[in-house]
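Asks: Please find input_28.txt (compact mmCIF, N, CA and C atoms) on the next line:
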```txt
# COMPACT_ATOMS: atom_id res chain seq x y z
N MET O 1 175.79 109.08 -43.07
CA MET O 1 175.86 108.85 -44.50
C MET O 1 176.73 109.92 -45.14
N ALA O 2 177.54 109.51 -46.08
CA ALA O 2 178.43 110.42 -46.79
C ALA O 2 177.94 110.61 -48.23
N MET O 3 178.31 111.71 -48.83
CA MET O 3 177.94 111.96 -50.23
C MET O 3 178.42 110.83 -51.13
N THR O 4 179.59 110.28 -50.80
CA THR O 4 180.15 109.22 -51.65
C THR O 4 179.39 107.90 -51.52
N ASP O 5 178.45 107.82 -50.57
CA ASP O 5 177.56 106.66 -50.52
C ASP O 5 176.51 106.75 -51.63
N ILE O 6 176.30 107.95 -52.16
CA ILE O 6 175.27 108.18 -53.17
C ILE O 6 175.88 108.58 -54.52
N LEU O 7 176.94 109.38 -54.45
CA LEU O 7 177.56 109.93 -55.66
C LEU O 7 179.00 109.45 -55.79
N SER O 8 179.50 109.38 -57.00
CA SER O 8 180.87 108.93 -57.24
C SER O 8 181.87 110.01 -56.82
N ALA O 9 182.96 109.60 -56.20
CA ALA O 9 184.00 110.54 -55.76
C ALA O 9 184.57 111.30 -56.95
N LYS O 10 184.72 110.63 -58.08
CA LYS O 10 185.25 111.28 -59.30
C LYS O 10 184.28 112.36 -59.79
N ASP O 11 182.98 112.05 -59.81
CA ASP O 11 181.99 113.04 -60.24
C ASP O 11 181.99 114.25 -59.30
N ILE O 12 182.11 113.99 -57.99
CA ILE O 12 182.15 115.09 -57.02
C ILE O 12 183.37 115.97 -57.28
N GLU O 13 184.52 115.34 -57.47
CA GLU O 13 185.76 116.09 -57.74
C GLU O 13 185.63 116.92 -59.01
N ASP O 14 185.10 116.32 -60.07
CA ASP O 14 184.93 117.04 -61.34
C ASP O 14 183.97 118.22 -61.19
N ALA O 15 182.87 118.00 -60.49
CA ALA O 15 181.88 119.07 -60.30
C ALA O 15 182.47 120.22 -59.49
N LEU O 16 183.22 119.89 -58.43
CA LEU O 16 183.83 120.94 -57.60
C LEU O 16 184.90 121.70 -58.37
N THR O 17 185.66 121.01 -59.21
CA THR O 17 186.68 121.66 -60.01
C THR O 17 186.05 122.66 -60.98
N SER O 18 184.87 122.33 -61.48
CA SER O 18 184.21 123.19 -62.47
C SER O 18 183.74 124.52 -61.87
N CYS O 19 183.65 124.60 -60.55
CA CYS O 19 183.17 125.86 -59.93
C CYS O 19 184.12 126.33 -58.84
N LYS O 20 185.41 126.10 -59.07
CA LYS O 20 186.42 126.48 -58.09
C LYS O 20 186.55 128.00 -57.94
N ALA O 21 186.42 128.71 -59.05
CA ALA O 21 186.56 130.17 -59.01
C ALA O 21 185.34 130.81 -58.36
N ALA O 22 185.57 131.87 -57.63
CA ALA O 22 184.47 132.61 -57.00
C ALA O 22 183.48 133.06 -58.08
N ASP O 23 182.21 133.01 -57.76
CA ASP O 23 181.12 133.42 -58.64
C ASP O 23 181.00 132.59 -59.92
N SER O 24 181.52 131.35 -59.89
CA SER O 24 181.39 130.46 -61.06
C SER O 24 180.38 129.34 -60.83
N PHE O 25 179.74 129.31 -59.66
CA PHE O 25 178.81 128.23 -59.33
C PHE O 25 177.50 128.39 -60.10
N ASN O 26 177.09 127.29 -60.75
CA ASN O 26 175.80 127.23 -61.43
C ASN O 26 175.15 125.93 -60.97
N TYR O 27 174.04 126.01 -60.24
CA TYR O 27 173.47 124.81 -59.65
C TYR O 27 173.06 123.77 -60.69
N LYS O 28 172.53 124.19 -61.84
CA LYS O 28 172.11 123.22 -62.86
C LYS O 28 173.31 122.43 -63.38
N SER O 29 174.36 123.15 -63.68
CA SER O 29 175.59 122.51 -64.16
C SER O 29 176.19 121.61 -63.07
N PHE O 30 176.21 122.11 -61.83
CA PHE O 30 176.77 121.33 -60.73
C PHE O 30 175.99 120.03 -60.51
N PHE O 31 174.66 120.11 -60.45
CA PHE O 31 173.84 118.92 -60.22
C PHE O 31 174.02 117.90 -61.33
N SER O 32 174.19 118.38 -62.54
CA SER O 32 174.40 117.48 -63.67
C SER O 32 175.77 116.82 -63.57
N LYS O 33 176.82 117.62 -63.34
CA LYS O 33 178.18 117.08 -63.28
C LYS O 33 178.39 116.13 -62.11
N VAL O 34 177.75 116.42 -60.98
CA VAL O 34 177.95 115.59 -59.79
C VAL O 34 177.13 114.29 -59.88
N GLY O 35 176.25 114.22 -60.87
CA GLY O 35 175.47 113.00 -61.07
C GLY O 35 174.16 112.95 -60.30
N LEU O 36 173.76 114.06 -59.72
CA LEU O 36 172.55 114.08 -58.89
C LEU O 36 171.27 114.04 -59.74
N LYS O 37 171.33 114.64 -60.93
CA LYS O 37 170.15 114.68 -61.80
C LYS O 37 169.60 113.29 -62.10
N GLY O 38 170.48 112.31 -62.23
CA GLY O 38 170.06 110.96 -62.59
C GLY O 38 169.68 110.07 -61.41
N LYS O 39 169.70 110.62 -60.22
CA LYS O 39 169.42 109.81 -59.03
C LYS O 39 167.92 109.75 -58.74
N SER O 40 167.54 108.73 -57.98
CA SER O 40 166.13 108.54 -57.63
C SER O 40 165.68 109.60 -56.63
N THR O 41 164.38 109.73 -56.48
CA THR O 41 163.81 110.66 -55.50
C THR O 41 164.34 110.38 -54.11
N ASP O 42 164.43 109.11 -53.76
CA ASP O 42 164.93 108.72 -52.44
C ASP O 42 166.39 109.13 -52.26
N GLN O 43 167.19 108.95 -53.28
CA GLN O 43 168.61 109.33 -53.20
C GLN O 43 168.76 110.85 -53.08
N VAL O 44 167.94 111.59 -53.81
CA VAL O 44 167.99 113.06 -53.72
C VAL O 44 167.58 113.51 -52.32
N LYS O 45 166.60 112.84 -51.74
CA LYS O 45 166.18 113.16 -50.36
C LYS O 45 167.31 112.88 -49.37
N LYS O 46 168.09 111.83 -49.61
CA LYS O 46 169.23 111.53 -48.73
C LYS O 46 170.28 112.62 -48.83
N VAL O 47 170.53 113.11 -50.04
CA VAL O 47 171.48 114.21 -50.21
C VAL O 47 170.96 115.46 -49.49
N PHE O 48 169.66 115.72 -49.61
CA PHE O 48 169.05 116.85 -48.89
C PHE O 48 169.30 116.71 -47.39
N GLY O 49 169.15 115.50 -46.87
CA GLY O 49 169.37 115.25 -45.45
C GLY O 49 170.79 115.57 -45.01
N ILE O 50 171.75 115.34 -45.89
CA ILE O 50 173.15 115.67 -45.59
C ILE O 50 173.33 117.20 -45.61
N LEU O 51 172.71 117.85 -46.57
CA LEU O 51 172.84 119.31 -46.71
C LEU O 51 172.14 120.06 -45.57
N ASP O 52 171.09 119.47 -45.04
CA ASP O 52 170.33 120.07 -43.94
C ASP O 52 171.08 119.80 -42.63
N GLN O 53 172.13 120.57 -42.42
CA GLN O 53 173.05 120.33 -41.31
C GLN O 53 172.38 120.36 -39.93
N ASP O 54 171.41 121.25 -39.74
CA ASP O 54 170.78 121.35 -38.42
C ASP O 54 169.53 120.48 -38.29
N LYS O 55 169.25 119.70 -39.33
CA LYS O 55 168.12 118.75 -39.34
C LYS O 55 166.78 119.43 -39.07
N SER O 56 166.63 120.66 -39.59
CA SER O 56 165.39 121.41 -39.41
C SER O 56 164.34 121.03 -40.45
N GLY O 57 164.75 120.29 -41.47
CA GLY O 57 163.84 119.97 -42.57
C GLY O 57 163.93 120.98 -43.70
N PHE O 58 164.84 121.93 -43.55
CA PHE O 58 165.04 122.97 -44.55
C PHE O 58 166.53 123.27 -44.70
N ILE O 59 166.90 123.79 -45.87
CA ILE O 59 168.25 124.30 -46.08
C ILE O 59 168.12 125.83 -45.99
N GLU O 60 168.68 126.39 -44.93
CA GLU O 60 168.65 127.83 -44.73
C GLU O 60 169.87 128.46 -45.42
N GLU O 61 169.89 129.79 -45.47
CA GLU O 61 170.93 130.51 -46.18
C GLU O 61 172.34 130.18 -45.68
N ASP O 62 172.52 130.06 -44.37
CA ASP O 62 173.86 129.76 -43.85
C ASP O 62 174.31 128.36 -44.30
N GLU O 63 173.39 127.42 -44.37
CA GLU O 63 173.73 126.07 -44.84
C GLU O 63 174.00 126.09 -46.35
N LEU O 64 173.26 126.91 -47.06
CA LEU O 64 173.43 127.01 -48.51
C LEU O 64 174.80 127.59 -48.85
N GLN O 65 175.25 128.56 -48.06
CA GLN O 65 176.56 129.16 -48.32
C GLN O 65 177.67 128.10 -48.24
N LEU O 66 177.49 127.11 -47.37
CA LEU O 66 178.50 126.05 -47.20
C LEU O 66 178.17 124.81 -48.03
N PHE O 67 177.27 124.96 -49.00
CA PHE O 67 176.78 123.87 -49.84
C PHE O 67 177.91 122.99 -50.39
N LEU O 68 178.91 123.61 -51.02
CA LEU O 68 179.98 122.83 -51.67
C LEU O 68 180.81 122.05 -50.65
N GLN O 69 180.93 122.56 -49.44
CA GLN O 69 181.73 121.89 -48.42
C GLN O 69 181.09 120.60 -47.93
N ASN O 70 179.82 120.39 -48.23
CA ASN O 70 179.18 119.12 -47.92
C ASN O 70 179.66 118.02 -48.86
N PHE O 71 180.19 118.42 -50.01
CA PHE O 71 180.71 117.47 -50.98
C PHE O 71 182.19 117.19 -50.75
N SER O 72 182.90 118.19 -50.23
CA SER O 72 184.32 118.05 -49.88
C SER O 72 184.68 119.14 -48.88
N SER O 73 185.33 118.74 -47.80
CA SER O 73 185.67 119.71 -46.75
C SER O 73 186.64 120.78 -47.24
N THR O 74 187.34 120.51 -48.34
CA THR O 74 188.30 121.49 -48.87
C THR O 74 187.68 122.43 -49.90
N ALA O 75 186.41 122.24 -50.22
CA ALA O 75 185.74 123.10 -51.20
C ALA O 75 185.53 124.48 -50.61
N ARG O 76 185.35 125.45 -51.49
CA ARG O 76 185.13 126.83 -51.05
C ARG O 76 183.68 127.03 -50.62
N ALA O 77 183.46 128.11 -49.89
CA ALA O 77 182.10 128.54 -49.58
C ALA O 77 181.57 129.30 -50.78
N LEU O 78 180.26 129.28 -50.96
CA LEU O 78 179.66 130.08 -52.02
C LEU O 78 179.78 131.56 -51.65
N THR O 79 179.92 132.41 -52.65
CA THR O 79 179.94 133.85 -52.39
C THR O 79 178.54 134.29 -51.98
N ALA O 80 178.45 135.50 -51.44
CA ALA O 80 177.14 136.03 -51.05
C ALA O 80 176.21 136.10 -52.26
N ALA O 81 176.73 136.51 -53.41
CA ALA O 81 175.92 136.62 -54.63
C ALA O 81 175.45 135.23 -55.09
N GLU O 82 176.34 134.24 -55.04
CA GLU O 82 175.96 132.88 -55.44
C GLU O 82 174.90 132.31 -54.50
N THR O 83 175.09 132.55 -53.21
CA THR O 83 174.14 132.04 -52.21
C THR O 83 172.76 132.65 -52.43
N LYS O 84 172.72 133.96 -52.63
CA LYS O 84 171.44 134.64 -52.84
C LYS O 84 170.75 134.16 -54.12
N ALA O 85 171.52 133.99 -55.19
CA ALA O 85 170.96 133.52 -56.46
C ALA O 85 170.43 132.10 -56.33
N PHE O 86 171.19 131.23 -55.65
CA PHE O 86 170.80 129.83 -55.43
C PHE O 86 169.51 129.78 -54.60
N MET O 87 169.45 130.59 -53.55
CA MET O 87 168.26 130.64 -52.70
C MET O 87 167.06 131.15 -53.51
N ALA O 88 167.28 132.17 -54.32
CA ALA O 88 166.18 132.74 -55.11
C ALA O 88 165.60 131.69 -56.07
N GLU O 89 166.45 130.86 -56.64
CA GLU O 89 165.99 129.81 -57.54
C GLU O 89 165.25 128.70 -56.80
N GLY O 90 165.75 128.35 -55.63
CA GLY O 90 165.22 127.21 -54.90
C GLY O 90 164.02 127.49 -54.03
N ASP O 91 163.95 128.69 -53.48
CA ASP O 91 162.89 129.04 -52.52
C ASP O 91 161.65 129.50 -53.27
N THR O 92 160.89 128.56 -53.79
CA THR O 92 159.74 128.90 -54.63
C THR O 92 158.54 129.41 -53.83
N ASP O 93 158.47 129.11 -52.53
CA ASP O 93 157.33 129.60 -51.74
C ASP O 93 157.64 130.87 -50.95
N GLY O 94 158.88 131.38 -51.07
CA GLY O 94 159.24 132.66 -50.49
C GLY O 94 159.41 132.68 -48.98
N ASP O 95 159.65 131.51 -48.36
CA ASP O 95 159.80 131.49 -46.90
C ASP O 95 161.24 131.67 -46.44
N GLY O 96 162.17 131.90 -47.38
CA GLY O 96 163.56 132.15 -47.01
C GLY O 96 164.38 130.91 -46.76
N LYS O 97 163.87 129.76 -47.17
CA LYS O 97 164.61 128.50 -47.01
C LYS O 97 164.14 127.52 -48.07
N ILE O 98 164.92 126.47 -48.26
CA ILE O 98 164.60 125.47 -49.28
C ILE O 98 164.19 124.17 -48.61
N GLY O 99 162.96 123.76 -48.87
CA GLY O 99 162.46 122.49 -48.35
C GLY O 99 162.82 121.34 -49.28
N VAL O 100 162.54 120.14 -48.85
CA VAL O 100 162.91 118.95 -49.63
C VAL O 100 162.24 118.93 -51.00
N ASP O 101 160.98 119.33 -51.09
CA ASP O 101 160.30 119.35 -52.39
C ASP O 101 160.90 120.40 -53.32
N GLU O 102 161.26 121.55 -52.74
CA GLU O 102 161.90 122.60 -53.53
C GLU O 102 163.27 122.12 -54.01
N PHE O 103 163.98 121.40 -53.15
CA PHE O 103 165.30 120.88 -53.53
C PHE O 103 165.16 119.87 -54.67
N GLN O 104 164.17 118.99 -54.56
CA GLN O 104 163.91 118.01 -55.62
C GLN O 104 163.68 118.71 -56.96
N ALA O 105 162.88 119.78 -56.93
CA ALA O 105 162.57 120.53 -58.14
C ALA O 105 163.83 121.18 -58.72
N LEU O 106 164.70 121.69 -57.86
CA LEU O 106 165.96 122.29 -58.30
C LEU O 106 166.84 121.26 -59.01
N VAL O 107 166.95 120.09 -58.40
CA VAL O 107 167.80 119.03 -58.95
C VAL O 107 167.29 118.59 -60.32
N LYS O 108 165.99 118.46 -60.45
CA LYS O 108 165.41 117.96 -61.70
C LYS O 108 165.21 119.03 -62.75
N ALA O 109 165.45 120.30 -62.40
CA ALA O 109 165.23 121.42 -63.34
C ALA O 109 166.13 121.33 -64.57
```
If you took the structure in this file and wrote it as structure tokens, what would it be?

Replies:
Amino acid sequence: MAMTDILSAKDIEDALTSCKAADSFNYKSFFSKVGLKGKSTDQVKKVFGILDQDKSGFIEEDELQLFLQNFSSTARALTAAETKAFMAEGDTDGDGKIGVDEFQALVKA
């Protein structure tokens, strides 16, 4: 499954353009621009499945750093500061990774 099966290619492009500069990524703004906020729980879970590259059931820090590249292979990696901030927001139980329920909460925040 590809992101474009769930999200519009134009929305993905616009969202990626909005955070092209290093340290400009804001997950709330990105989720809104990419159209993820308006998607169903099932669709958000499918996106989580794409982001969970190793299929562990969690998004770990290394996967989070490459978050934008799941939307486009030419997108940049998140900076260390962006990755840490994103993880801090998403990892509500403090286990060092983001589970599907935590991801759902991030998207709907």

Asks: Using all atoms listed in the file for the distances, tell me which of O:Leu16, O:Leu7, O:Leu51, O:Ala2 is nearest to Ala75 of chain O.

Replies: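 Smallest separation from Ala75 of chain O among the options: O:Leu16.
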
Asks: Counting only N, CA and C atoms, select every polymer residue within 6 Å of (168.3, 123.2, -62.3) as defined in the file's coordinates, and provide the selection as a list in words.

Replies: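 Collected hits near the coordinates: Tyr27, Lys28, Leu106, Val107, Lys108 and Ala109 of chain O.
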
Asks: Env of Gln65 of chain O: 12 Å cut, atoms = only C-alpha atoms, seq-sep filter 5 positions within chain, self excluded. Answer as a ChimeraX atom specification.

Replies: /O:25,51-53,59-60,70,75-87

Asks: With distances taken over only N, CA and C atoms, which residue among O:Lys33, O:Lys45, O:Lys55, O:Lys20 lies nearest Gln104 of chain O?

Replies: O:Lys45

Asks: Would you mind listing what lies within 8 Å of Lys97 of chain O as number ranges by chain, with all atoms listed in the file counted and same-chain residues fewer than 4 positions away left out?

Replies: O: 57-61, 87, 90-93, 102-103

Asks: What gap, in Å, lies between atom CA of Ile98 of chain O and atom CA of Ser32 of chain O?

Replies: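 Atom-to-atom, atom CA of Ile98 of chain O and atom CA of Ser32 of chain O are spaced 19.2 Å apart.
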
Asks: Separation of atom C of Glu89 of chain O and atom CA of Asp14 of chain O, in Å?

Replies: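 That distance, rounded to one decimal, is 23.3 Å.
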
Asks: For Ile12 of chain O, which residue among O:Val34, O:Leu64, O:Ala88, O:Val47 is the nearest when counting only N, CA and C atoms?

Replies: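 Answer, going by the shortest atom-to-atom distance: O:Val34.
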
Asks: For the atom pair atom CA of Phe67 of chain O and atom CA of Asp54 of chain O, what is the interatomic distance in Å to one decimal place?

Replies: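 The value is 13.1 Å.
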
Asks: Give me every alpha helix (DSSP H) residue in chain O, going by DSSP on the backbone, as an MDAnalysis selection string.

Replies: chainID O and resid 9:18 27:33 41:51 61:65 80:90 100:108

Asks: Quick one: residues within 10 Å of Lys46 of chain O, only C-alpha atoms, excluding same-chain residues fewer than 5 positions away - as a ChimeraX atom specification?

Replies: /O:1-3,5-6,40-41,51-52,100

Asks: Out of chain O, which residues get strand (DSSP E or B) from DSSP, as a PyMOL selection string?

Replies: chain O and resi 58-59+98-99
